[in-house]
Amino acid sequence: MQKILIVGGAGYIGSHTLKHFAEKGYDCVVLDNLVCGHAEAVASAPLERADLLDEGSLRAVFDKYEIGAVIHFAAYSLVGESVVNPRKYYRNNVAGTLNLLDVMLEHEVKKIVFSSTCATYGNPQYVPMDEKHPQAPINPYGQTKLTIENIFKDYAAAYGLRYIALRYFNAAGAAPDGSIGESHNPESHLIPLVLKAIKGERENIKVFGNDYETPDGTCLRDYIHVDDLAAAHRLALEKLDAFCGAINLGTGIPTSVTEIIKAAENVAGKSCPTVVEGRRAGDPARLYADNRKAREILGWTPQYTNIEDIIRTAWNWETNRKF
């Protein structure tokens with residue numbers, strides 16, 4: 001039986017996708033260098049420790065297993081770090097992906113679902129943002145993801161590669177059973193930072209700007225539960241023969257920073273210490289998805305549309321963290 005190779009499957013979204021695939025009966029193998037991932041998050045598949053920049057170890061995994069398709073999550077993803085160290089991001093994200101594609105073609109594997117991002121759009125010219133929105137990334141992280149999307153287009157035309165690039169908005173939440181969840185070092189995502197402040201592990205949460213032209217003055221973002229992302233990857237894999245291209249993944253529901261804090265306080269039953277600071281450069285007031293294409297092509301519908309339900313799964317993880 002051919003296996004699904006989940007590259008970066010020990011990371012946050014990758015491990016939840018592995019869990020989902022295993023529950024749906026897929027036979028998977030995980031490739032991860034464990035720089036950002038956690039071996040403890042891989043419970044239902046073999047874990048091969050390898051790096052995309054090491055073609056030899058990568059090739060050995062493809063020689064060892066009969067791979068039918070690839071789900072590709074492996075990337076550095078800290079926007080600020082990408083600005084000060086773009087070399088790290090282009091080498092790891094772009095060169096690593098080229099190595100992966102070359103080894104895939106050597107082994108006649110021509111199906112891939114790619115973890116892309118709404119950062120390929122840059123500052124929104126309109127919201128909700130659909131897939132026709134101009135792509136003009138404002139940081140090297142977004143540029144690397146756009147570069148990879150363009151590589152896929154060229155490989156599809158030249159070599160018959162079948163790909164779907166899933167452009168995420170803000171991933172959030174954790175497995176409802178508490179077995180896996182978000183565990184970054186350093187942590188940069190708003191919801192876990194708010195929960196850590198509520199737990200007393202941080203002095204406070206900084207709100208960057210409360211004078212935007214939004215209902216409460218704070219930025220609006222689109223938070224999508226990680227299990228909904230996982231399901232979309234399976235649906236994308238199943239649609240690769242029929243569709244090739246990019247698809248947004250978001251709920252289409254804008255939620256403000258203030259609403260996140262209030263929802264977290266409601267879930268935890270405790271207050272969150274907050275400090276209002278000035279706006280951060282490059283933060284748009286509104287950023288949320290038009291997800292009609294995902295609904296129409298993938299048959300995908302997000303199951304988590306209430307922000308408190310999303311945060312409740314994250315709080316369960318934070319209060320019973322396993323790694």
# chains A, B, ... in the order shown; residues from 1 in each chain; ligands from 1
>>> residues_around(residues="stretch 209-221 of chain A", least_positions_apart="2", cutoff="7 Å", atoms="only C-alpha atoms", output="PyMOL selection string")
chain A and resi 207+223+254-258+276-279+285-288
>>> select_by_dssp(residues="stretch 44-273 of chain A", states="alpha helix (DSSP H)", output="PyMOL selection string")
chain A and resi 55-64+79-84+86-89+96-106+140-159+190-199+226-238+257-268
>>> closest_residue(among="A:Ala136, A:Cys118, A:Val70, A:Ala174", to="A:Leu161", atoms="only C-alpha atoms")
A:Val70
>>> closest_residue(among="A:Arg280, A:Lys196, A:His225, A:Lys262", to="A:Thr313", atoms="only C-alpha atoms")
A:His225
>>> closest_residue(among="A:Val79, A:Ile180, A:Leu18, A:Ile67", to="A:His38", atoms="only C-alpha atoms")
A:Ile180
>>> closest_residue(among="A:Leu47, A:Val61, A:Ala165, A:Leu298", to="A:Ile112", atoms="only C-alpha atoms")
A:Ala165
>>> select_by_dssp(residues="stretch 111-198 of chain A", states="strand (DSSP E)", output="MDAnalysis selection string")
chainID A and resid 111:117 162:168 170:172
>>> residues_around(residues="A:Leu240", least_positions_apart="6", cutoff="10 Å", atoms="only C-alpha atoms", output="number ranges by chain")
A: 69, 110-113, 161-164, 298
>>> closest_residue(among="A:Ala231, A:Ile205, A:Val194, A:Ala242", to="A:Trp315", atoms="only C-alpha atoms")
A:Val194
>>> residues_around(residues="A:Gly25", least_positions_apart="3", cutoff="12 Å", atoms="only C-alpha atoms", output="PyMOL selection string")
chain A and resi 1+3-4+18-22+28+44-45+234
>>> residues_around(residues="A:Glu149", least_positions_apart="3", cutoff="8 Å", atoms="only C-alpha atoms", output="list of chain:residue names")
A:Ser116, A:Lys145, A:Leu146, A:Phe152, A:Lys153, A:Ala165
>>> residues_around(residues="A:Ala289", least_positions_apart="5", cutoff="7 Å", atoms="only C-alpha atoms", output="mmCIF file with C-alpha atoms, in the first residue's frame")
data_model
loop_
_atom_site.group_PDB
_atom_site.id
_atom_site.type_symbol
_atom_site.label_atom_id
_atom_site.label_comp_id
_atom_site.auth_asym_id
_atom_site.auth_seq_id
_atom_site.Cartn_x
_atom_site.Cartn_y
_atom_site.Cartn_z
ATOM 1 C CA PRO A 128 -12.586 39.285 2.310
ATOM 2 C CA MET A 129 -9.540 38.210 0.273
ATOM 3 C CA ASP A 130 -10.097 35.691 -2.520
ATOM 4 C CA ASP A 222 -9.425 35.093 10.585
ATOM 5 C CA ASN A 248 -7.645 29.857 0.655
ATOM 6 C CA GLY A 250 -10.114 30.513 6.531
ATOM 7 C CA THR A 251 -13.483 30.765 8.217
ATOM 8 C CA GLY A 252 -14.271 34.120 6.614
#
>>> closest_residue(among="A:Ala197, A:Val109, A:Val83, A:Ala172", to="A:Gly142", atoms="only C-alpha atoms")
A:Val83
